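Novice: My structure is in query-v5.pdb, and what it holds is PDB, C-alpha atoms (C1' of nucleotides):
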```pdb
ATOM      1  CA  MET A   1       3.374  -2.341  13.691  1.00  0.00           C
ATOM      2  CA  SER A   2       6.335  -4.329  14.946  1.00  0.00           C
ATOM      3  CA  LYS A   3       9.842  -4.407  13.510  1.00  0.00           C
ATOM      4  CA  ASN A   4      10.652  -6.863  10.760  1.00  0.00           C
ATOM      5  CA  LEU A   5      13.730  -8.561  12.137  1.00  0.00           C
ATOM      6  CA  LYS A   6      13.364 -11.474   9.736  1.00  0.00           C
ATOM      7  CA  LEU A   7      13.976  -9.078   6.878  1.00  0.00           C
ATOM      8  CA  LYS A   8      16.936  -7.512   8.663  1.00  0.00           C
ATOM      9  CA  ALA A   9      18.391 -10.981   9.323  1.00  0.00           C
ATOM     10  CA  ALA A  10      17.874 -12.157   5.736  1.00  0.00           C
ATOM     11  CA  ARG A  11      19.639  -9.040   4.513  1.00  0.00           C
ATOM     12  CA  ALA A  12      22.544  -9.627   6.918  1.00  0.00           C
ATOM     13  CA  GLU A  13      22.700 -13.244   5.767  1.00  0.00           C
ATOM     14  CA  ARG A  14      23.297 -11.960   2.245  1.00  0.00           C
ATOM     15  CA  ASP A  15      25.635  -9.193   3.454  1.00  0.00           C
ATOM     16  CA  MET A  16      23.480  -6.536   1.779  1.00  0.00           C
ATOM     17  CA  THR A  17      23.132  -2.977   3.055  1.00  0.00           C
ATOM     18  CA  GLN A  18      19.750  -1.276   3.216  1.00  0.00           C
ATOM     19  CA  LYS A  19      20.861   0.756   0.216  1.00  0.00           C
ATOM     20  CA  ALA A  20      21.874  -2.315  -1.784  1.00  0.00           C
ATOM     21  CA  LEU A  21      18.520  -3.961  -1.108  1.00  0.00           C
ATOM     22  CA  ALA A  22      16.726  -0.716  -1.914  1.00  0.00           C
ATOM     23  CA  ASP A  23      18.525  -0.506  -5.260  1.00  0.00           C
ATOM     24  CA  ALA A  24      17.782  -4.162  -6.003  1.00  0.00           C
ATOM     25  CA  ALA A  25      14.128  -3.598  -5.188  1.00  0.00           C
ATOM     26  CA  GLY A  26      13.872  -0.270  -6.973  1.00  0.00           C
ATOM     27  CA  VAL A  27      12.826   1.711  -3.907  1.00  0.00           C
ATOM     28  CA  SER A  28      14.499   4.263  -1.660  1.00  0.00           C
ATOM     29  CA  ARG A  29      16.815   3.420   1.214  1.00  0.00           C
ATOM     30  CA  GLN A  30      14.355   5.077   3.596  1.00  0.00           C
ATOM     31  CA  THR A  31      11.588   2.751   2.478  1.00  0.00           C
ATOM     32  CA  ILE A  32      13.606  -0.365   3.348  1.00  0.00           C
ATOM     33  CA  ASN A  33      14.550   1.189   6.671  1.00  0.00           C
ATOM     34  CA  ALA A  34      10.924   2.063   7.429  1.00  0.00           C
ATOM     35  CA  ILE A  35       9.807  -1.495   6.681  1.00  0.00           C
ATOM     36  CA  GLU A  36      12.490  -2.942   8.963  1.00  0.00           C
ATOM     37  CA  GLN A  37      11.543  -0.463  11.668  1.00  0.00           C
ATOM     38  CA  GLY A  38       7.871  -1.378  11.314  1.00  0.00           C
ATOM     39  CA  GLU A  39       6.862   2.129  10.289  1.00  0.00           C
ATOM     40  CA  TYR A  40       5.398   1.136   6.939  1.00  0.00           C
ATOM     41  CA  ASN A  41       2.935  -1.503   5.856  1.00  0.00           C
ATOM     42  CA  PRO A  42       4.463  -2.321   2.447  1.00  0.00           C
ATOM     43  CA  THR A  43       2.522  -3.428  -0.624  1.00  0.00           C
ATOM     44  CA  ILE A  44       2.548  -7.097  -1.608  1.00  0.00           C
ATOM     45  CA  LYS A  45       4.333  -6.202  -4.833  1.00  0.00           C
ATOM     46  CA  LEU A  46       7.233  -4.650  -2.960  1.00  0.00           C
ATOM     47  CA  CYS A  47       7.302  -7.625  -0.579  1.00  0.00           C
ATOM     48  CA  LEU A  48       7.563  -9.978  -3.557  1.00  0.00           C
ATOM     49  CA  THR A  49      10.405  -7.943  -5.055  1.00  0.00           C
ATOM     50  CA  ILE A  50      12.257  -7.957  -1.737  1.00  0.00           C
ATOM     51  CA  CYS A  51      11.727 -11.719  -1.382  1.00  0.00           C
ATOM     52  CA  ARG A  52      13.195 -12.343  -4.819  1.00  0.00           C
ATOM     53  CA  ALA A  53      16.164 -10.072  -4.112  1.00  0.00           C
ATOM     54  CA  LEU A  54      16.912 -12.018  -0.946  1.00  0.00           C
ATOM     55  CA  GLY A  55      16.004 -15.495  -2.160  1.00  0.00           C
ATOM     56  CA  LYS A  56      13.280 -15.952   0.438  1.00  0.00           C
ATOM     57  CA  THR A  57       9.547 -16.645   0.343  1.00  0.00           C
ATOM     58  CA  LEU A  58       6.733 -14.373   1.494  1.00  0.00           C
ATOM     59  CA  ASP A  59       6.033 -16.691   4.415  1.00  0.00           C
ATOM     60  CA  GLU A  60       9.687 -16.633   5.473  1.00  0.00           C
ATOM     61  CA  LEU A  61       9.935 -12.854   5.548  1.00  0.00           C
ATOM     62  CA  PHE A  62       6.433 -11.524   6.088  1.00  0.00           C
ATOM     63  CA  TRP A  63       4.258 -14.050   7.884  1.00  0.00           C
ATOM     64  CA  GLU A  64       3.158 -12.854  11.304  1.00  0.00           C
ATOM     65  CA  ASP A  65       1.421 -14.920  13.940  1.00  0.00           C
ATOM     66  CA  GLU A  66      -1.893 -13.348  14.944  1.00  0.00           C
ATOM     67  CA  GLU A  67      -0.762 -11.134  17.855  1.00  0.00           C
ATOM     68  CA  ASP A  68      -2.243  -7.764  18.708  1.00  0.00           C
ATOM     69  CA  GLU A  69      -2.711  -6.344  15.237  1.00  0.00           C
ATOM     70  CA  THR A  70      -4.508  -3.034  15.745  1.00  0.00           C
ATOM     71  CA  ILE A  71      -5.039  -2.505  12.030  1.00  0.00           C
TER      72      ILE A  71
ATOM     73  CA  MET B   1      -1.148  -6.449 -12.542  1.00  0.00           C
ATOM     74  CA  SER B   2      -2.746  -9.761 -13.276  1.00  0.00           C
ATOM     75  CA  LYS B   3      -5.863 -11.211 -11.694  1.00  0.00           C
ATOM     76  CA  ASN B   4      -5.566 -13.145  -8.457  1.00  0.00           C
ATOM     77  CA  LEU B   5      -7.403 -16.329  -9.316  1.00  0.00           C
ATOM     78  CA  LYS B   6      -5.839 -18.173  -6.392  1.00  0.00           C
ATOM     79  CA  LEU B   7      -7.678 -15.839  -4.069  1.00  0.00           C
ATOM     80  CA  LYS B   8     -10.916 -16.262  -5.994  1.00  0.00           C
ATOM     81  CA  ALA B   9     -10.513 -20.054  -5.867  1.00  0.00           C
ATOM     82  CA  ALA B  10      -9.698 -20.096  -2.141  1.00  0.00           C
ATOM     83  CA  ARG B  11     -12.793 -18.020  -1.504  1.00  0.00           C
ATOM     84  CA  ALA B  12     -14.915 -20.379  -3.591  1.00  0.00           C
ATOM     85  CA  GLU B  13     -13.411 -23.326  -1.717  1.00  0.00           C
ATOM     86  CA  ARG B  14     -14.737 -21.808   1.502  1.00  0.00           C
ATOM     87  CA  ASP B  15     -18.028 -20.794  -0.131  1.00  0.00           C
ATOM     88  CA  MET B  16     -17.527 -17.165   0.855  1.00  0.00           C
ATOM     89  CA  THR B  17     -18.850 -14.222  -1.132  1.00  0.00           C
ATOM     90  CA  GLN B  18     -16.663 -11.175  -1.791  1.00  0.00           C
ATOM     91  CA  LYS B  19     -18.776  -9.365   0.787  1.00  0.00           C
ATOM     92  CA  ALA B  20     -18.304 -12.078   3.415  1.00  0.00           C
ATOM     93  CA  LEU B  21     -14.545 -12.014   2.937  1.00  0.00           C
ATOM     94  CA  ALA B  22     -14.553  -8.221   2.963  1.00  0.00           C
ATOM     95  CA  ASP B  23     -16.429  -8.219   6.273  1.00  0.00           C
ATOM     96  CA  ALA B  24     -14.065 -10.838   7.721  1.00  0.00           C
ATOM     97  CA  ALA B  25     -11.085  -8.765   6.639  1.00  0.00           C
ATOM     98  CA  GLY B  26     -12.569  -5.436   7.666  1.00  0.00           C
ATOM     99  CA  VAL B  27     -12.408  -3.863   4.209  1.00  0.00           C
ATOM    100  CA  SER B  28     -14.963  -2.939   1.565  1.00  0.00           C
ATOM    101  CA  ARG B  29     -16.380  -5.403  -0.934  1.00  0.00           C
ATOM    102  CA  GLN B  30     -14.915  -3.288  -3.739  1.00  0.00           C
ATOM    103  CA  THR B  31     -11.434  -3.695  -2.280  1.00  0.00           C
ATOM    104  CA  ILE B  32     -11.688  -7.500  -2.394  1.00  0.00           C
ATOM    105  CA  ASN B  33     -13.056  -7.303  -5.912  1.00  0.00           C
ATOM    106  CA  ALA B  34     -10.252  -4.965  -7.017  1.00  0.00           C
ATOM    107  CA  ILE B  35      -7.625  -7.327  -5.609  1.00  0.00           C
ATOM    108  CA  GLU B  36      -9.165 -10.304  -7.416  1.00  0.00           C
ATOM    109  CA  GLN B  37      -9.356  -8.276 -10.619  1.00  0.00           C
ATOM    110  CA  GLY B  38      -5.703  -7.247 -10.260  1.00  0.00           C
ATOM    111  CA  GLU B  39      -6.544  -3.562 -10.032  1.00  0.00           C
ATOM    112  CA  TYR B  40      -4.977  -3.032  -6.649  1.00  0.00           C
ATOM    113  CA  ASN B  41      -1.613  -3.890  -5.153  1.00  0.00           C
ATOM    114  CA  PRO B  42      -2.762  -4.614  -1.567  1.00  0.00           C
ATOM    115  CA  THR B  43      -0.716  -4.010   1.550  1.00  0.00           C
ATOM    116  CA  ILE B  44       0.955  -6.967   3.269  1.00  0.00           C
ATOM    117  CA  LYS B  45      -1.176  -6.433   6.339  1.00  0.00           C
ATOM    118  CA  LEU B  46      -4.377  -6.840   4.349  1.00  0.00           C
ATOM    119  CA  CYS B  47      -2.911  -9.899   2.612  1.00  0.00           C
ATOM    120  CA  LEU B  48      -2.170 -11.431   6.016  1.00  0.00           C
ATOM    121  CA  THR B  49      -5.708 -10.741   7.213  1.00  0.00           C
ATOM    122  CA  ILE B  50      -7.163 -12.303   4.059  1.00  0.00           C
ATOM    123  CA  CYS B  51      -4.905 -15.338   4.440  1.00  0.00           C
ATOM    124  CA  ARG B  52      -6.076 -15.901   8.004  1.00  0.00           C
ATOM    125  CA  ALA B  53      -9.725 -15.497   6.998  1.00  0.00           C
ATOM    126  CA  LEU B  54      -9.273 -18.155   4.319  1.00  0.00           C
ATOM    127  CA  GLY B  55      -6.887 -20.462   6.171  1.00  0.00           C
ATOM    128  CA  LYS B  56      -4.140 -20.070   3.594  1.00  0.00           C
ATOM    129  CA  THR B  57      -0.547 -18.874   3.642  1.00  0.00           C
ATOM    130  CA  LEU B  58       0.903 -15.820   1.914  1.00  0.00           C
ATOM    131  CA  ASP B  59       2.786 -18.061  -0.490  1.00  0.00           C
ATOM    132  CA  GLU B  60      -0.390 -19.971  -1.359  1.00  0.00           C
ATOM    133  CA  LEU B  61      -2.410 -16.870  -2.190  1.00  0.00           C
ATOM    134  CA  PHE B  62       0.047 -14.158  -3.164  1.00  0.00           C
ATOM    135  CA  TRP B  63       3.252 -15.647  -4.525  1.00  0.00           C
ATOM    136  CA  GLU B  64       3.797 -14.786  -8.172  1.00  0.00           C
ATOM    137  CA  ASP B  65       6.428 -16.211 -10.466  1.00  0.00           C
ATOM    138  CA  GLU B  66       8.540 -13.443 -11.972  1.00  0.00           C
ATOM    139  CA  GLU B  67       5.728 -11.951 -14.111  1.00  0.00           C
ATOM    140  CA  ASP B  68       6.029 -11.290 -17.814  1.00  0.00           C
ATOM    141  CA  GLU B  69       9.359  -9.585 -18.422  1.00  0.00           C
ATOM    142  CA  THR B  70       8.281  -8.394 -21.889  1.00  0.00           C
ATOM    143  CA  ILE B  71      11.150  -9.884 -23.938  1.00  0.00           C
TER     144      ILE B  71
ATOM    145  C1'  DA C   1     -41.916 -11.546 -15.363  1.00  0.00           C
ATOM    146  C1'  DC C   2     -40.018 -10.011 -11.109  1.00  0.00           C
ATOM    147  C1'  DA C   3     -37.055 -10.026  -6.988  1.00  0.00           C
ATOM    148  C1'  DT C   4     -32.734 -10.791  -4.895  1.00  0.00           C
ATOM    149  C1'  DG C   5     -27.861 -11.864  -4.250  1.00  0.00           C
ATOM    150  C1'  DA C   6     -23.397 -11.757  -6.228  1.00  0.00           C
ATOM    151  C1'  DT C   7     -20.289  -9.485  -9.042  1.00  0.00           C
ATOM    152  C1'  DG C   8     -17.984  -5.920 -12.007  1.00  0.00           C
ATOM    153  C1'  DT C   9     -17.109  -0.902 -12.651  1.00  0.00           C
ATOM    154  C1'  DA C  10     -16.866   4.119 -12.138  1.00  0.00           C
ATOM    155  C1'  DA C  11     -16.300   8.781  -9.642  1.00  0.00           C
ATOM    156  C1'  DT C  12     -14.855  11.353  -5.975  1.00  0.00           C
ATOM    157  C1'  DA C  13     -12.575  11.635  -1.375  1.00  0.00           C
ATOM    158  C1'  DT C  14      -9.131  10.438   2.248  1.00  0.00           C
ATOM    159  C1'  DA C  15      -5.319   7.956   4.406  1.00  0.00           C
ATOM    160  C1'  DT C  16      -0.973   6.392   3.801  1.00  0.00           C
ATOM    161  C1'  DA C  17       2.968   4.178   1.038  1.00  0.00           C
ATOM    162  C1'  DC C  18       6.804   5.907  -0.964  1.00  0.00           C
ATOM    163  C1'  DT C  19      10.163   9.785  -2.705  1.00  0.00           C
ATOM    164  C1'  DT C  20      13.541  13.309  -2.232  1.00  0.00           C
ATOM    165  C1'  DG C  21      16.660  15.787   0.428  1.00  0.00           C
ATOM    166  C1'  DA C  22      18.530  16.641   4.739  1.00  0.00           C
ATOM    167  C1'  DT C  23      20.674  15.903   9.394  1.00  0.00           C
ATOM    168  C1'  DA C  24      22.400  12.963  13.267  1.00  0.00           C
ATOM    169  C1'  DT C  25      24.523   8.937  15.129  1.00  0.00           C
ATOM    170  C1'  DT C  26      27.074   4.865  15.437  1.00  0.00           C
ATOM    171  C1'  DA C  27      30.556   1.730  13.993  1.00  0.00           C
ATOM    172  C1'  DT C  28      34.627   0.725  11.510  1.00  0.00           C
ATOM    173  C1'  DA C  29      38.711   1.750   9.418  1.00  0.00           C
ATOM    174  C1'  DT C  30      42.853   4.684   8.484  1.00  0.00           C
TER     175       DT C  30
ATOM    176  C1'  DA D   1      41.633  12.040  15.497  1.00  0.00           C
ATOM    177  C1'  DT D   2      39.206  11.926  11.467  1.00  0.00           C
ATOM    178  C1'  DA D   3      37.212  10.174   7.460  1.00  0.00           C
ATOM    179  C1'  DT D   4      33.695   7.095   5.687  1.00  0.00           C
ATOM    180  C1'  DA D   5      29.805   3.654   5.494  1.00  0.00           C
ATOM    181  C1'  DA D   6      25.640   2.278   7.429  1.00  0.00           C
ATOM    182  C1'  DT D   7      21.711   3.212   9.931  1.00  0.00           C
ATOM    183  C1'  DA D   8      17.994   6.065  11.947  1.00  0.00           C
ATOM    184  C1'  DT D   9      14.908   9.808  11.581  1.00  0.00           C
ATOM    185  C1'  DC D  10      12.532  14.181   9.967  1.00  0.00           C
ATOM    186  C1'  DA D  11       9.871  17.236   6.826  1.00  0.00           C
ATOM    187  C1'  DA D  12       7.397  18.144   2.640  1.00  0.00           C
ATOM    188  C1'  DG D  13       5.786  16.409  -1.653  1.00  0.00           C
ATOM    189  C1'  DT D  14       3.578  12.732  -4.971  1.00  0.00           C
ATOM    190  C1'  DA D  15       1.361   8.395  -5.985  1.00  0.00           C
ATOM    191  C1'  DT D  16      -1.828   5.059  -4.864  1.00  0.00           C
ATOM    192  C1'  DA D  17      -4.529   1.889  -1.561  1.00  0.00           C
ATOM    193  C1'  DT D  18      -8.921   1.973   0.311  1.00  0.00           C
ATOM    194  C1'  DA D  19     -13.723   4.061   1.380  1.00  0.00           C
ATOM    195  C1'  DT D  20     -18.137   5.540  -0.074  1.00  0.00           C
ATOM    196  C1'  DT D  21     -21.859   5.932  -3.154  1.00  0.00           C
ATOM    197  C1'  DA D  22     -23.847   4.534  -7.129  1.00  0.00           C
ATOM    198  C1'  DC D  23     -25.263   1.845 -11.190  1.00  0.00           C
ATOM    199  C1'  DA D  24     -25.232  -2.175 -14.423  1.00  0.00           C
ATOM    200  C1'  DT D  25     -25.092  -7.096 -15.339  1.00  0.00           C
ATOM    201  C1'  DC D  26     -25.710 -11.910 -14.518  1.00  0.00           C
ATOM    202  C1'  DA D  27     -27.454 -15.807 -12.132  1.00  0.00           C
ATOM    203  C1'  DT D  28     -30.846 -18.220  -9.439  1.00  0.00           C
ATOM    204  C1'  DG D  29     -35.270 -18.652  -7.449  1.00  0.00           C
ATOM    205  C1'  DT D  30     -40.216 -17.602  -7.046  1.00  0.00           C
TER     206       DT D  30
END
```
What would the structure in this file look like if it were written as structure tokens?
Specialist:
Amino acid sequence: MSKNLKLKAARAERDMTQKALADAAGVSRQTINAIEQGEYNPTIKLCLTICRALGKTLDELFWEDEEDETI
Amino acid sequence: MSKNLKLKAARAERDMTQKALADAAGVSRQTINAIEQGEYNPTIKLCLTICRALGKTLDELFWEDEEDETI
DNA sequence: ACATGATGTAATATATACTTGATATTATAT
DNA sequence: ATATAATATCAAGTATATATTACATCATGT
């Protein structure tokens, strides 16, 4: 999995720390970090919560163009 | 979790069975059924694969408005 | 009536998302 | 120089997404 820089950028745009976003989303700081680092494949529910916390859509933060997926 | 009727409709629109979509997405038929029935909270990667198989976006198939906050 | 395809469920098993608690590093401020 | 905040990462535990196997129902066709 590749890093999610769109998420990192959206967070920066709102001046939120990983911890602040984690609290807003009701998950741990490590979980947000792991998603940004591309270590976790988050659930759609968590993605939706993160989108709402950052005022973005699923497509804006989580859409990926084909690429080498290796599921 | 509530049912995902948008997914069911998009599948019908393409005249695909749950099994056909499952095969296209590389998961079991029961997994597709569980997602449609709202029993599972799928991973974003699976959502992306399903979207590509059906020619839809994440927002079209998986966006949910706030959910029932139980006043 | 019978066969078949599509769907809805259920039970048990495994992989992995996510937690908690810790340490290390880097940047910024004092 | 030294605190402190933010990030990165690790290890061990819990919760749940997904697989597999199986069975029941409903529809459509023969």
Novice: What are the closest atom pairs, with distances in Å to one decimal, for each residue of chain C lying within 8 Å of chain A, using only C-alpha atoms (C1' of nucleotides), rows by chain and rising residue number, as a tab-separated table?
Specialist:
```
residue	atom	partner	partner_atom	distance
C:DA17	C1'	A:Pro42	CA	6.8
C:DC18	C1'	A:Thr31	CA	6.7
C:DT19	C1'	A:Ser28	CA	7.1
```
Novice: All C-alpha atoms, paired in order, least-squares superposition of chain B on chain A: what RMSD does that give?
Specialist: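 Between chain A and chain B, the C-alpha RMSD is 2.1 Å.
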Novice: Find, counting all atoms listed in the file, the residue in D:DT2, D:DA8, D:DT14, D:DT20 that gets nearest to chain B.
Specialist: D:DT20
Novice: Name the residues that the PyMOL selection byres ((chain B) within 10 of (chain A)) picks from the file above, as a list in words, using the file's chain letters and numbers.
Specialist: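 With the shown file as input, the PyMOL selection byres ((chain B) within 10 of (chain A)) matches Met1, Gly26, Tyr40, Asn41, Pro42, Thr43, Ile44, Lys45, Leu46, Cys47, Leu48, Thr49, Cys51, Arg52, Thr57, Leu58, Asp59, Glu60, Phe62, Trp63, Glu64, Asp65 and Glu66 of chain B.
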Novice: Carefully work through the PyMOL selection byres ((chain A) within 9 of (chain D)) for this structure and note down the residues it includes, as a PyMOL selection string.
Specialist: chain A and resi 17-19+33+43
Novice: Between CA of Ala10 (chain B) and CA of Ile35 (chain B), what is the distance in Å, rounded to a tenth?
Specialist: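 Those two atoms sit 13.4 Å apart.
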Novice: What is the distance, in Å and to one decimal place, between C1' of DA11 (chain C) and CA of Gly38 (chain B)?
Specialist: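 Computing the Euclidean distance for C1' of DA11 (chain C) and CA of Gly38 (chain B) yields 19.2 Å.
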Novice: Between C1' of DT7 (chain C) and CA of Ala53 (chain B), what is the spacing in Å?
Specialist: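 Computing it gives 20.1 Å between the two atoms.
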Novice: Pick out the residues sitting within 8 Å of Leu21 (chain A), and hand them over as number ranges by chain; count only C-alpha atoms (C1' of nucleotides), and ignore anything fewer than 6 positions along from it in its own chain.
Specialist: A: 11, 29, 32, 50, 53
Novice: For region 44-58 of chain B, supply N, CA and C atoms and report the output as an mmCIF file, keeping the file's coordinate frame.
Specialist:
```cif
data_model
loop_
_atom_site.group_PDB
_atom_site.id
_atom_site.type_symbol
_atom_site.label_atom_id
_atom_site.label_comp_id
_atom_site.auth_asym_id
_atom_site.auth_seq_id
_atom_site.Cartn_x
_atom_site.Cartn_y
_atom_site.Cartn_z
ATOM 1 N N ILE B 44 0.651 -5.657 2.689
ATOM 2 C CA ILE B 44 0.955 -6.967 3.269
ATOM 3 C C ILE B 44 0.041 -7.255 4.460
ATOM 4 N N LYS B 45 -0.312 -6.239 5.178
ATOM 5 C CA LYS B 45 -1.176 -6.433 6.339
ATOM 6 C C LYS B 45 -2.552 -6.945 5.913
ATOM 7 N N LEU B 46 -3.087 -6.371 4.847
ATOM 8 C CA LEU B 46 -4.377 -6.840 4.349
ATOM 9 C C LEU B 46 -4.249 -8.261 3.812
ATOM 10 N N CYS B 47 -3.144 -8.542 3.121
ATOM 11 C CA CYS B 47 -2.911 -9.899 2.612
ATOM 12 C C CYS B 47 -2.901 -10.898 3.766
ATOM 13 N N LEU B 48 -2.237 -10.545 4.851
ATOM 14 C CA LEU B 48 -2.170 -11.431 6.016
ATOM 15 C C LEU B 48 -3.562 -11.668 6.589
ATOM 16 N N THR B 49 -4.350 -10.611 6.684
ATOM 17 C CA THR B 49 -5.708 -10.741 7.213
ATOM 18 C C THR B 49 -6.554 -11.649 6.324
ATOM 19 N N ILE B 50 -6.428 -11.471 5.009
ATOM 20 C CA ILE B 50 -7.163 -12.303 4.059
ATOM 21 C C ILE B 50 -6.727 -13.762 4.183
ATOM 22 N N CYS B 51 -5.425 -13.973 4.291
ATOM 23 C CA CYS B 51 -4.905 -15.338 4.440
ATOM 24 C C CYS B 51 -5.496 -16.021 5.662
ATOM 25 N N ARG B 52 -5.548 -15.310 6.778
ATOM 26 C CA ARG B 52 -6.076 -15.901 8.004
ATOM 27 C C ARG B 52 -7.564 -16.198 7.861
ATOM 28 N N ALA B 53 -8.291 -15.295 7.188
ATOM 29 C CA ALA B 53 -9.725 -15.497 6.998
ATOM 30 C C ALA B 53 -9.994 -16.719 6.126
ATOM 31 N N LEU B 54 -9.061 -17.029 5.236
ATOM 32 C CA LEU B 54 -9.273 -18.155 4.319
ATOM 33 C C LEU B 54 -8.468 -19.396 4.694
ATOM 34 N N GLY B 55 -7.689 -19.310 5.753
ATOM 35 C CA GLY B 55 -6.887 -20.462 6.171
ATOM 36 C C GLY B 55 -5.808 -20.847 5.173
ATOM 37 N N LYS B 56 -5.203 -19.827 4.574
ATOM 38 C CA LYS B 56 -4.140 -20.070 3.594
ATOM 39 C C LYS B 56 -2.894 -19.295 3.998
ATOM 40 N N THR B 57 -1.786 -19.601 3.360
ATOM 41 C CA THR B 57 -0.547 -18.874 3.642
ATOM 42 C C THR B 57 -0.346 -17.783 2.586
ATOM 43 N N LEU B 58 0.570 -16.878 2.864
ATOM 44 C CA LEU B 58 0.903 -15.820 1.914
ATOM 45 C C LEU B 58 1.378 -16.434 0.607
#
```
